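Containing mmCIF, C-alpha atoms: query21.cif.
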```
data_entry
#
loop_
_atom_site.label_atom_id
_atom_site.label_comp_id
_atom_site.auth_asym_id
_atom_site.auth_seq_id
_atom_site.Cartn_x
_atom_site.Cartn_y
_atom_site.Cartn_z
CA MET A 1 -31.60 -40.11 34.80
CA SER A 2 -32.03 -40.10 38.59
CA VAL A 3 -33.19 -37.73 41.36
CA PHE A 4 -30.86 -37.01 44.28
CA SER A 5 -31.77 -35.75 47.71
CA ARG A 6 -28.80 -34.26 49.62
CA GLY A 7 -26.39 -36.17 47.42
CA GLN A 8 -28.24 -39.53 47.79
CA ALA A 9 -30.93 -41.22 45.71
CA PRO A 10 -34.15 -41.01 47.83
CA LYS A 11 -35.80 -44.26 48.83
CA TYR A 12 -39.31 -42.81 48.44
CA ILE A 13 -41.24 -39.76 47.26
CA ARG A 14 -44.61 -38.65 48.64
CA TRP A 15 -47.18 -36.35 47.05
CA ILE A 16 -50.24 -34.55 48.42
CA ASP A 17 -53.55 -35.45 46.75
CA ALA A 18 -56.56 -33.15 46.31
CA ASP A 19 -57.86 -34.08 49.80
CA GLY A 20 -54.53 -33.06 51.39
CA VAL A 21 -53.54 -36.66 52.09
CA SER A 22 -49.87 -37.66 51.66
CA GLN A 23 -49.51 -40.58 49.22
CA PRO A 24 -46.34 -42.67 48.44
CA VAL A 25 -44.82 -42.65 44.91
CA ALA A 26 -43.19 -45.81 43.60
CA LYS A 27 -42.06 -44.56 40.16
CA VAL A 28 -42.19 -41.30 38.22
CA TYR A 29 -42.34 -41.09 34.40
CA LEU A 30 -41.74 -38.09 32.09
CA GLY A 31 -43.65 -39.19 28.99
CA ASP A 32 -42.32 -42.68 28.34
CA ILE A 33 -39.11 -42.01 30.27
CA LEU A 34 -38.64 -43.32 33.81
CA ILE A 35 -37.15 -40.46 35.82
CA PHE A 36 -37.52 -41.78 39.39
CA ASP A 37 -36.97 -45.15 40.96
CA GLY A 38 -34.51 -43.92 43.60
CA THR A 39 -31.46 -43.53 41.32
CA ILE A 40 -32.21 -41.41 38.20
CA PRO A 41 -31.66 -37.57 38.31
CA ALA A 42 -33.01 -34.98 35.84
CA VAL A 43 -30.60 -33.09 33.53
CA VAL A 44 -30.54 -29.46 32.44
CA ALA A 45 -28.30 -28.72 29.42
CA VAL A 46 -26.95 -25.20 29.21
CA PRO A 47 -25.59 -24.61 25.66
CA HIS A 48 -22.40 -22.84 24.53
CA MET A 49 -21.94 -19.14 24.87
CA THR A 50 -19.50 -16.97 22.85
CA ALA A 51 -18.60 -13.30 23.08
CA THR A 52 -16.97 -11.12 20.43
CA ALA A 53 -16.77 -7.42 19.51
CA THR A 54 -15.64 -5.33 16.51
CA MET A 55 -13.67 -2.17 16.10
CA THR A 56 -12.91 -0.66 12.67
CA ALA A 57 -9.35 0.54 12.07
CA PRO A 58 -8.44 4.23 12.16
CA THR A 59 -6.36 5.54 9.22
CA HIS A 60 -3.68 8.18 9.78
CA GLN A 61 -1.50 9.90 7.18
CA ALA A 62 0.74 12.24 9.16
CA GLY A 63 3.37 11.92 11.84
CA GLN A 64 1.35 11.75 15.04
CA ARG A 65 0.53 9.74 18.11
CA VAL A 66 -2.68 7.79 17.71
CA SER A 67 -4.46 6.39 20.73
CA VAL A 68 -7.03 3.69 20.16
CA PRO A 69 -9.07 3.49 23.39
CA PRO A 70 -10.23 0.23 24.90
CA MET A 71 -13.14 -1.53 23.33
CA LEU A 72 -15.66 -3.80 25.01
CA ALA A 73 -18.05 -6.44 23.84
CA SER A 74 -20.46 -8.18 26.19
CA ALA A 75 -23.31 -10.64 25.87
CA ASP A 76 -25.93 -11.99 28.29
CA SER A 77 -28.16 -14.99 28.07
CA PHE A 78 -31.66 -14.76 29.52
CA ASP A 79 -32.42 -17.21 32.28
CA PRO A 80 -33.29 -20.66 30.92
CA PRO A 81 -36.87 -21.83 31.52
CA SER A 82 -37.57 -22.61 35.18
CA VAL A 83 -36.38 -26.00 36.29
CA VAL A 84 -38.95 -27.67 38.46
CA GLY A 85 -37.36 -30.18 40.74
CA ALA A 86 -34.08 -31.64 41.86
CA VAL A 87 -31.72 -31.46 38.89
CA ASN A 88 -28.29 -32.21 37.51
CA VAL A 89 -27.11 -29.05 35.67
CA VAL A 90 -24.47 -29.37 32.93
CA VAL A 91 -22.88 -26.10 31.80
CA PRO A 92 -21.01 -26.69 28.48
CA PRO A 93 -17.93 -24.73 27.27
CA MET A 94 -18.15 -20.98 26.86
CA THR A 95 -15.79 -19.16 24.50
CA ALA A 96 -14.60 -15.56 24.17
CA ALA A 97 -12.35 -14.68 21.25
CA VAL A 98 -10.66 -11.59 19.90
CA GLY A 99 -8.47 -11.01 16.84
CA MET A 100 -6.19 -8.23 15.73
CA GLY A 101 -5.49 -7.77 12.00
CA PRO A 102 -2.29 -6.51 10.42
CA VAL A 103 -0.69 -3.12 11.17
CA THR A 104 0.46 -1.38 7.94
CA PRO A 105 2.20 2.07 8.39
CA ASP A 106 3.82 3.94 5.35
CA VAL A 107 5.28 7.36 6.53
CA PRO A 108 6.60 8.48 10.01
CA ALA A 109 4.01 8.34 12.90
CA GLU A 110 3.51 6.75 16.30
CA VAL A 111 0.61 4.41 16.82
CA ILE A 112 -0.42 3.02 20.22
CA VAL A 113 -3.04 0.30 20.24
CA PRO A 114 -4.35 -0.04 23.80
CA ARG A 115 -5.87 -3.09 25.37
CA MET A 116 -9.11 -4.43 24.10
CA SER A 117 -11.36 -6.93 25.82
CA ALA A 118 -14.30 -9.13 25.16
CA THR A 119 -16.49 -10.45 27.98
CA ALA A 120 -19.42 -12.80 28.26
CA ASP A 121 -21.69 -13.86 31.15
CA LEU A 122 -24.07 -16.75 31.52
CA ARG A 123 -26.84 -16.19 34.05
CA ALA A 124 -27.66 -18.87 36.50
CA ALA A 125 -30.29 -21.53 35.94
CA THR A 126 -32.76 -21.22 38.85
CA PRO A 127 -35.13 -24.13 39.49
CA ALA A 128 -38.49 -22.93 40.77
CA ALA A 129 -39.88 -26.02 42.55
CA LEU A 130 -39.13 -29.55 43.58
CA ALA A 131 -40.48 -31.63 40.72
CA PRO A 132 -38.46 -33.64 38.18
CA GLY A 133 -37.96 -32.27 34.67
CA VAL A 134 -35.59 -31.22 31.87
CA ALA A 135 -35.06 -27.49 31.07
CA PRO A 136 -33.03 -26.55 27.91
CA ALA A 137 -31.11 -23.24 28.22
CA PRO A 138 -31.04 -21.16 24.99
CA ALA A 139 -27.76 -20.54 23.12
CA MET A 140 -26.27 -17.08 23.20
CA ALA A 141 -23.55 -15.51 21.05
CA ALA A 142 -21.68 -12.25 20.70
CA GLY A 143 -18.55 -11.56 18.72
CA ALA A 144 -15.57 -9.18 18.77
CA ASP A 145 -13.01 -8.36 16.13
CA MET A 146 -10.47 -5.52 15.96
CA VAL A 147 -8.88 -4.45 12.65
CA VAL A 148 -5.45 -2.93 13.25
CA PRO A 149 -4.98 0.78 12.21
CA LEU A 150 -3.50 1.55 8.81
CA VAL A 151 -0.77 4.16 9.26
CA THR A 152 0.67 5.80 6.14
CA SER A 153 3.91 7.13 7.61
CA GLY A 154 7.19 5.58 8.78
CA ALA A 155 6.78 5.38 12.54
CA VAL A 156 7.18 3.81 15.94
CA VAL A 157 4.29 1.38 16.23
CA ALA A 158 3.57 0.10 19.73
CA VAL A 159 1.31 -2.93 19.96
CA PRO A 160 0.52 -3.34 23.67
CA PRO A 161 -0.93 -6.45 25.31
CA MET A 162 -4.27 -7.61 24.03
CA THR A 163 -6.69 -9.27 26.43
CA ALA A 164 -9.70 -11.53 26.12
CA SER A 165 -11.65 -12.58 29.20
CA ALA A 166 -14.77 -14.58 30.00
CA ASP A 167 -16.63 -15.12 33.28
CA MET A 168 -19.41 -17.58 34.03
CA PRO A 169 -21.34 -17.28 37.30
CA LEU A 170 -22.56 -20.70 38.37
CA PRO A 171 -26.30 -21.39 38.53
CA VAL A 172 -28.07 -20.91 41.86
CA MET A 173 -30.02 -24.10 42.51
CA ALA A 174 -33.09 -24.28 44.73
CA GLY A 175 -33.18 -28.05 45.02
CA ALA A 176 -30.88 -31.03 45.40
CA ALA A 177 -28.52 -31.11 42.41
CA ASN A 178 -25.41 -32.60 40.86
CA LEU A 179 -23.63 -29.65 39.14
CA VAL A 180 -21.05 -30.35 36.40
CA VAL A 181 -19.12 -27.35 35.02
CA PRO A 182 -17.10 -28.26 31.85
CA PRO A 183 -13.96 -26.36 30.68
CA LEU A 184 -14.19 -22.61 30.12
CA ILE A 185 -11.99 -21.47 27.22
CA ALA A 186 -10.72 -18.03 26.16
CA THR A 187 -8.43 -17.50 23.17
CA SER A 188 -6.70 -14.47 21.70
CA THR A 189 -4.66 -14.06 18.50
CA ALA A 190 -2.84 -11.12 16.92
CA PRO A 191 -1.96 -11.60 13.21
CA VAL A 192 1.28 -10.13 11.88
CA PRO A 193 1.38 -6.30 11.60
CA VAL A 194 2.84 -5.26 8.21
CA VAL A 195 4.51 -1.83 8.38
CA ARG A 196 5.66 0.14 5.32
CA GLY A 197 7.84 3.15 6.07
CA ALA A 198 10.74 3.92 8.35
CA ALA A 199 9.61 2.30 11.59
CA ASN A 200 10.45 0.59 14.86
CA ILE A 201 7.96 -2.08 15.86
CA ILE A 202 7.34 -2.91 19.51
CA ALA A 203 5.20 -6.00 19.89
CA PRO A 204 4.55 -6.85 23.57
CA PRO A 205 2.97 -10.16 24.55
CA ALA A 206 -0.64 -10.86 23.67
CA GLN A 207 -2.61 -12.09 26.69
CA ALA A 208 -5.79 -14.04 27.27
CA THR A 209 -7.48 -14.74 30.62
CA ALA A 210 -10.54 -16.65 31.78
CA GLY A 211 -12.23 -16.72 35.18
CA LEU A 212 -14.89 -18.89 36.76
CA LEU A 213 -16.87 -17.37 39.63
CA VAL A 214 -17.60 -19.34 42.78
CA PRO A 215 -20.94 -21.19 42.58
CA THR A 216 -23.71 -20.51 45.06
CA ILE A 217 -25.69 -23.67 45.80
CA THR A 218 -28.73 -23.52 48.10
CA ALA A 219 -29.31 -27.27 48.27
CA ALA A 220 -27.19 -30.37 48.72
CA ALA A 221 -25.10 -30.83 45.56
CA ASN A 222 -22.01 -32.34 43.96
CA VAL A 223 -19.97 -29.62 42.16
CA ILE A 224 -17.26 -30.58 39.63
CA VAL A 225 -15.15 -27.70 38.27
CA PRO A 226 -12.98 -28.99 35.35
CA PRO A 227 -9.86 -27.18 34.00
CA MET A 228 -10.07 -23.69 32.44
CA GLN A 229 -7.85 -22.92 29.44
CA ALA A 230 -6.42 -19.74 27.86
CA ALA A 231 -4.18 -19.42 24.81
CA ALA A 232 -2.66 -16.48 22.91
CA SER A 233 -0.20 -15.98 20.07
CA MET A 234 1.29 -13.01 18.24
CA PRO A 235 3.37 -13.51 15.05
CA VAL A 236 6.46 -11.44 14.38
CA PRO A 237 5.92 -8.05 12.62
CA VAL A 238 7.21 -7.46 9.09
CA VAL A 239 8.83 -4.07 8.57
CA VAL A 240 9.79 -2.32 5.33
CA GLY A 241 11.63 0.93 6.04
CA GLY A 242 11.59 4.10 3.88
CA ARG A 243 14.81 5.88 2.84
CA SER A 244 15.85 9.45 2.12
CA TYR A 245 18.97 11.20 0.83
CA SER A 246 20.03 14.83 0.44
CA ASP A 247 22.95 17.04 -0.63
CA ASP A 248 23.16 20.82 -0.05
CA PHE A 249 26.53 21.22 -1.88
CA ASN A 250 27.77 23.36 1.03
CA ARG A 251 31.45 22.69 0.51
CA ALA A 252 34.49 24.19 -1.16
CA ASP A 253 34.37 25.06 -4.87
CA SER A 254 35.28 22.02 -6.93
CA SER A 255 35.30 20.73 -10.50
CA THR A 256 33.21 17.73 -9.32
CA LEU A 257 30.28 17.13 -6.98
CA GLY A 258 32.33 14.72 -4.85
CA SER A 259 32.58 10.98 -4.18
CA ASN A 260 28.85 10.50 -3.52
CA TRP A 261 28.04 11.32 -7.16
CA ARG A 262 28.55 9.13 -10.24
CA VAL A 263 29.38 10.68 -13.65
CA ASP A 264 26.70 9.35 -16.03
CA MET A 265 27.32 11.49 -19.14
CA ASN A 266 29.75 14.26 -20.24
CA SER A 267 31.66 14.63 -16.94
CA GLN A 268 30.33 16.04 -13.67
CA PRO A 269 28.82 19.41 -12.88
CA LYS A 270 30.99 21.64 -10.71
CA ILE A 271 30.41 23.35 -7.34
CA VAL A 272 30.67 27.14 -7.17
CA THR A 273 29.60 29.08 -4.05
CA ASN A 274 27.70 26.09 -2.60
CA ARG A 275 25.66 25.34 -5.74
CA ALA A 276 25.86 22.69 -8.50
CA LEU A 277 26.02 24.00 -12.09
CA MET A 278 27.26 23.15 -15.59
CA LYS A 279 31.03 22.53 -15.80
CA THR A 280 33.48 25.08 -17.18
CA MET A 281 33.08 25.43 -20.97
CA GLY A 282 35.34 26.55 -23.80
CA ASN A 283 34.88 29.43 -26.24
CA GLY A 284 32.44 28.39 -28.95
CA ASP A 285 31.02 25.35 -27.14
CA GLY A 286 27.43 24.67 -28.16
CA ARG A 287 24.64 23.50 -25.90
CA ALA A 288 25.65 20.53 -23.74
CA GLY A 289 24.78 18.97 -20.39
CA ASN A 290 26.25 17.14 -17.41
CA TRP A 291 24.43 14.03 -16.04
CA ALA A 292 25.20 12.70 -12.54
CA SER A 293 23.44 10.30 -10.14
CA TYR A 294 23.68 9.98 -6.36
CA GLN A 295 25.52 6.95 -4.95
CA GLY A 296 25.95 7.89 -1.27
CA GLY A 297 24.18 6.98 1.97
CA THR A 298 23.73 3.66 3.76
CA ASN A 299 22.01 2.08 0.73
CA THR A 300 24.25 3.73 -1.92
CA GLY A 301 21.54 6.14 -3.01
CA LYS A 302 18.83 3.58 -3.80
CA LEU A 303 15.22 4.19 -2.75
CA ALA A 304 13.24 1.37 -1.04
CA THR A 305 10.17 1.34 -3.30
CA ASP A 306 8.95 2.59 -6.71
CA ASN A 307 6.91 5.26 -4.92
CA TYR A 308 9.31 8.14 -4.28
CA GLY A 309 10.08 11.77 -5.08
CA VAL A 310 12.99 14.09 -5.85
CA LYS A 311 13.00 17.84 -5.21
CA ALA A 312 15.60 20.53 -5.93
CA GLN A 313 15.90 24.13 -4.80
CA LEU A 314 17.07 26.26 -7.74
CA ILE A 315 19.42 29.24 -7.59
CA SER A 316 20.98 31.63 -10.09
CA PRO A 317 24.00 30.25 -12.03
CA GLY A 318 25.27 33.72 -12.96
CA SER A 319 24.54 34.33 -16.65
CA ILE A 320 21.28 32.49 -17.41
CA ALA A 321 20.63 30.49 -20.59
CA SER A 322 16.87 30.82 -20.87
CA ASP A 323 16.44 27.85 -23.24
CA ASN A 324 18.81 25.43 -21.46
CA LEU A 325 17.38 22.72 -19.19
CA THR A 326 17.92 21.89 -15.55
CA CYS A 327 16.45 18.43 -14.76
CA ILE A 328 15.80 16.17 -11.79
CA VAL A 329 15.78 12.47 -12.72
CA LEU A 330 13.90 9.38 -11.41
CA ALA A 331 14.37 5.65 -12.18
CA VAL A 332 18.12 5.89 -12.77
CA ALA A 333 19.46 2.35 -13.26
CA ASP A 334 22.25 0.76 -11.23
CA THR A 335 23.97 0.34 -14.60
CA PHE A 336 23.41 3.71 -16.26
CA GLY A 337 21.62 3.53 -19.60
CA SER A 338 20.28 -0.02 -19.10
CA GLY A 339 16.68 1.16 -18.60
CA THR A 340 14.35 4.10 -19.21
CA SER A 341 14.48 7.02 -16.77
CA CYS A 342 12.06 9.94 -16.28
CA LEU A 343 13.06 13.64 -16.09
CA PHE A 344 11.35 16.86 -15.07
CA GLY A 345 13.08 19.49 -17.23
CA VAL A 346 12.63 23.22 -16.55
CA THR A 347 13.72 26.45 -18.25
CA THR A 348 13.31 30.17 -17.59
CA GLY A 349 12.24 30.94 -21.15
CA SER A 350 11.13 27.82 -23.09
CA GLY A 351 8.62 26.13 -20.77
CA CYS A 352 8.83 22.83 -18.84
CA ALA A 353 8.24 19.14 -19.61
CA ILE A 354 8.20 15.57 -18.29
CA ILE A 355 10.61 13.66 -20.52
CA THR A 356 11.63 10.00 -20.79
CA GLN A 357 15.17 8.88 -21.65
CA ALA A 358 15.52 5.36 -23.09
CA GLY A 359 19.08 4.09 -22.72
CA SER A 360 21.98 6.54 -22.53
CA PRO A 361 21.55 10.21 -23.51
CA PRO A 362 23.56 11.79 -26.34
CA GLY A 363 27.26 12.33 -25.73
CA SER A 364 26.67 16.08 -25.56
CA GLY A 365 24.44 15.50 -22.52
CA VAL A 366 21.52 17.56 -23.82
CA GLY A 367 18.30 16.87 -21.84
CA SER A 368 15.80 16.98 -24.72
CA GLY A 369 15.68 16.50 -28.47
CA GLY A 370 18.36 13.84 -28.44
CA SER A 371 18.46 10.10 -29.09
CA GLY A 372 15.98 8.09 -26.96
CA GLN A 373 14.39 11.25 -25.54
CA THR A 374 10.59 11.72 -25.67
CA ILE A 375 8.61 14.67 -24.31
CA GLN A 376 5.58 12.98 -22.65
CA VAL A 377 3.79 16.17 -21.49
CA SER A 378 4.80 19.85 -21.52
CA THR A 379 3.72 23.40 -20.63
CA SER A 380 4.72 26.87 -21.85
CA THR A 381 4.93 28.01 -18.22
CA ASN A 382 8.44 29.09 -17.28
CA ILE A 383 10.11 28.80 -13.90
CA ALA A 384 12.13 31.36 -11.95
CA VAL A 385 15.72 30.70 -10.93
CA THR A 386 14.66 30.66 -7.26
CA ASP A 387 11.83 28.10 -7.62
CA LEU A 388 11.54 24.75 -5.80
CA ILE A 389 10.90 21.95 -8.31
CA GLU A 390 9.80 18.38 -7.56
CA LEU A 391 9.01 15.15 -9.45
CA ARG A 392 7.08 12.31 -7.75
CA ARG A 393 6.41 8.78 -8.88
CA VAL A 394 3.49 6.77 -7.46
CA GLY A 395 3.27 3.51 -9.39
CA ASN A 396 3.03 4.59 -13.04
CA VAL A 397 1.81 8.16 -12.35
CA PHE A 398 4.42 10.94 -12.55
CA THR A 399 3.60 14.42 -11.20
CA ALA A 400 5.78 17.54 -11.48
CA TYR A 401 5.46 20.38 -8.95
CA ARG A 402 6.57 24.00 -8.89
CA ASN A 403 6.79 25.53 -5.41
CA GLY A 404 4.49 22.80 -4.05
CA THR A 405 1.78 23.23 -6.71
CA SER A 406 1.14 20.57 -9.35
CA LEU A 407 2.34 21.73 -12.77
CA LEU A 408 2.30 18.58 -14.96
CA THR A 409 1.00 15.00 -14.63
CA TRP A 410 1.70 12.02 -16.88
CA THR A 411 0.36 8.48 -16.54
CA ASP A 412 2.77 5.87 -17.94
CA SER A 413 0.02 3.52 -19.15
CA SER A 414 2.50 1.53 -21.28
CA ASN A 415 4.97 1.11 -18.39
CA ILE A 416 7.77 2.79 -20.34
CA VAL A 417 9.74 3.90 -17.27
CA SER A 418 11.80 1.18 -15.60
CA SER A 419 10.88 -0.07 -12.13
CA GLY A 420 12.15 -2.54 -9.55
CA SER A 421 15.08 -2.54 -7.13
CA THR A 422 17.76 -2.03 -9.84
CA ASN A 423 16.11 1.18 -11.13
CA ARG A 424 15.60 3.28 -7.99
CA ARG A 425 18.42 5.81 -8.05
CA PHE A 426 18.01 9.54 -8.67
CA GLY A 427 20.08 12.18 -10.40
CA LEU A 428 20.32 15.64 -11.94
CA VAL A 429 21.13 17.32 -15.27
CA VAL A 430 22.44 20.88 -15.79
CA GLU A 431 23.13 22.46 -19.19
CA GLY A 432 25.09 25.39 -20.62
CA ASN A 433 26.64 26.89 -23.77
CA PHE A 434 29.44 29.31 -24.73
CA PRO A 435 28.67 31.37 -27.85
CA ILE A 436 31.89 32.28 -29.69
CA PHE A 437 33.58 35.44 -28.47
CA ASN A 438 30.80 35.86 -25.90
CA GLY A 439 30.69 34.12 -22.52
CA GLU A 440 29.32 31.14 -20.56
CA TYR A 441 25.57 30.81 -20.14
CA ARG A 442 23.96 28.17 -17.94
CA SER A 443 20.61 26.69 -16.95
CA PRO A 444 19.48 27.33 -13.33
CA ALA A 445 21.94 26.00 -10.76
CA ILE A 446 20.88 23.61 -7.94
CA ASP A 447 21.27 24.88 -4.39
CA SER A 448 20.17 21.56 -2.76
CA ILE A 449 18.57 18.27 -3.76
CA GLN A 450 16.62 15.64 -1.80
CA ALA A 451 15.11 12.21 -2.61
CA TYR A 452 12.72 10.24 -0.39
CA ASP A 453 10.33 7.29 -0.35
CA LEU A 454 6.67 8.30 -0.27
#
```
So that I can check it, write out the structure of this file as structure tokens.
Amino acid sequence: MSVFSRGQAPKYIRWIDADGVSQPVAKVYLGDILIFDGTIPAVVAVPHMTATATMTAPTHQAGQRVSVPPMLASADSFDPPSVVGAVNVVVPPMTAAVGMGPVTPDVPAEVIVPRMSATADLRAATPAALAPGVAPAPAMAAGADMVVPLVTSGAVVAVPPMTASADMPLPVMAGAANLVVPPLIATSTAPVPVVRGAANIIAPPAQATAGLLVPTITAAANVIVPPMQAAASMPVPVVVGGRSYSDDFNRADSSTLGSNWRVDMNSQPKIVTNRALMKTMGNGDGRAGNWASYQGGTNTGKLATDNYGVKAQLISPGSIASDNLTCIVLAVADTFGSGTSCLFGVTTGSGCAIITQAGSPPGSGVGSGGSGQTIQVSTSTNIAVTDLIELRRVGNVFTAYRNGTSLLTWTDSSNIVSSGSTNRRFGLVVEGNFPIFNGEYRSPAIDSIQAYDL
């Protein structure tokens, strides 16, 4: 290594002895190392610096606008030990990195993820005197990571630009120096957001920037500023949208429910004064039921996942049959009867139950007590003809609600009920009977029905 004076190797060095007399110096050694003979400068190595920061993801479960404010991470390195003498300072690469994890919404909401940044500064090496030497600068590190919010509703998710930046002020040198500044690098990545629920995903560009401040040199020096680099990437989002269907039966009286409904057993229910109820019966007909499943909508009535619910608003059918069932049905197969479905059956006088139906129901269409039908859990609580009933499936847990309050829960630990994309339709069952020389009696009619992904 050599010492430079104003960009040139000095031809001589003089020192002042104890008597104040200037003496010439032929060679200078640092330990066993020759550091001066007119051509060898000293070297100061300034190690790598990194900057990162972390931000934990917010979790939101309702339709709303979520603002995630900017987040900062910064790191400073203390000045390296004083450098005594003319030096050659090498400043190695400095790195700032940020990452954004996946976005996963499930139900409708709007999420805005604002910019986040990570910064890092390296203080200048400041030589204190004009004597040869080597001064190591300590390493410094800071880190930044941002986990993307988990949103549990179908939504518009806006992922704005993400920024990572790094600045490095150059050392201020008090003596002759040769200053080499290697590449400064900043990188930024945004992994794929995964969104579950009805959603639009807006993924603007991810950005990364890096800046190098102008050096301040107070002595003759050679300054080399190599290239700076910045890179960023953002993979394409994956979106799984939720679905919903509904029918309010607000149409002319009819002997069928219409083209959006499939007859699954014992013909269709009929529509009378904007409500669905058991078909017209004959004198002496015993208890029977009509089974129908929904086939309308853009996806022909199929839900997107195995986590969904069905709810029905009940209404009076006229003459009530207190022991006849009205049911809402989950896990109806594309090919009716090819799997096992799950029913929430209600009455006004004989309690309520969660029932499974393996294969096709009896030809009479009864909702319980027939072939393949098993009552999984029941209650003696009766419903009123104006109640709102609901059955939800979350994995293998089935929960029945009356007017928004949980009434029955059953865990299908043996996975009896069918699942998968070919078993995601929904339906209804209404029953009735006609005692001889009497009149028609029916289970509660259905004023409206709705199915939806959770």
Give me, as JSON lines, the closest atom pair and its distance (Å, one decimal) for every residue of stretch 286-353 of chain A within a cut-off of 10 Å of stretch 272-275 of chain A, counting all atoms listed in the file, rows sorted by chain and rising number.
```
{"residue": "A:Gln313", "atom": "CA", "partner": "A:Arg275", "partner_atom": "CA", "distance": 9.9}
{"residue": "A:Leu314", "atom": "CA", "partner": "A:Arg275", "partner_atom": "CA", "distance": 8.9}
{"residue": "A:Ile315", "atom": "CA", "partner": "A:Arg275", "partner_atom": "CA", "distance": 7.6}
{"residue": "A:Ser316", "atom": "CA", "partner": "A:Arg275", "partner_atom": "CA", "distance": 9.0}
{"residue": "A:Pro317", "atom": "CA", "partner": "A:Arg275", "partner_atom": "CA", "distance": 8.2}
```
- So which residues touch stretch 290-302 of chain A within 7 Å, counting all atoms listed in the file, skipping near sequence neighbours fewer than 6 positions away, as a list in words? Tyr245, Asn260, Trp261, Arg262, Val263, Asp264, Met265, Asn266, Ser267, Gln268, Pro269, Met278, Gly365, Arg424, Arg425, Phe426, Gly427, Leu428, Val429, Val430 and Glu431 of chain A
Take the residues from that selection and put them in a file with C-alpha atoms, as a CSV table (one decimal), keeping the file's coordinate frame.
```
chain,number,residue,atom,x,y,z
A,245,TYR,CA,19.0,11.2,0.8
A,260,ASN,CA,28.8,10.5,-3.5
A,261,TRP,CA,28.0,11.3,-7.2
A,262,ARG,CA,28.6,9.1,-10.2
A,263,VAL,CA,29.4,10.7,-13.6
A,264,ASP,CA,26.7,9.4,-16.0
A,265,MET,CA,27.3,11.5,-19.1
A,266,ASN,CA,29.8,14.3,-20.2
A,267,SER,CA,31.7,14.6,-16.9
A,268,GLN,CA,30.3,16.0,-13.7
A,269,PRO,CA,28.8,19.4,-12.9
A,278,MET,CA,27.3,23.2,-15.6
A,365,GLY,CA,24.4,15.5,-22.5
A,424,ARG,CA,15.6,3.3,-8.0
A,425,ARG,CA,18.4,5.8,-8.0
A,426,PHE,CA,18.0,9.5,-8.7
A,427,GLY,CA,20.1,12.2,-10.4
A,428,LEU,CA,20.3,15.6,-11.9
A,429,VAL,CA,21.1,17.3,-15.3
A,430,VAL,CA,22.4,20.9,-15.8
A,431,GLU,CA,23.1,22.5,-19.2
```
- List the residues sitting within 9 Å of (18.7, 31.8, -18.2) in the file's frame, using only C-alpha atoms, as a list of chain:residue names.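 Residues with an atom close enough to that point: A:Ser316, A:Pro317, A:Gly318, A:Ser319, A:Ile320, A:Ala321, A:Ser322, A:Asp323, A:Asn324, A:Thr347, A:Thr348, A:Gly349, A:Val385, A:Tyr441, A:Arg442, A:Ser443, A:Pro444.
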- Measuring atom to atom with only C-alpha atoms, identify which of A:Leu325, A:Ile35, A:Ile436, A:Leu30 is nearest to A:Asn283.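 Using only C-alpha atoms, the shortest distance to A:Asn283 belongs to A:Ile436.
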- Task: Please determine the residues with any atom at most 7 Å from (6.0, 20.5, -22.2) (coordinates as given in the file, with all atoms listed in the file counting) and report them as number ranges by chain.
- Result: A: 351-354, 375, 377-380
- What residues come out when you apply the PyMOL selection byres ((chain A and resi 403-408) around 12) to this file, written as an MDAnalysis selection string? chainID A and resid 311:314 343:346 351:355 375:392 397:402 409:411
- Item | Picked residues, the PyMOL selection byres ((chain A and resi 254) around 6), as an NGL selection string | :A and (253 or 255-256 or 270-271)
- Query: What separation in Å, quoted to one decimal, exists between atom CA of A:Arg287 and atom CA of A:Asn250?
  - Reply: 27.1 Å
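From atom CA of A:Thr374 back to atom CA of A:Arg243, the distance works out to 29.4 Å.
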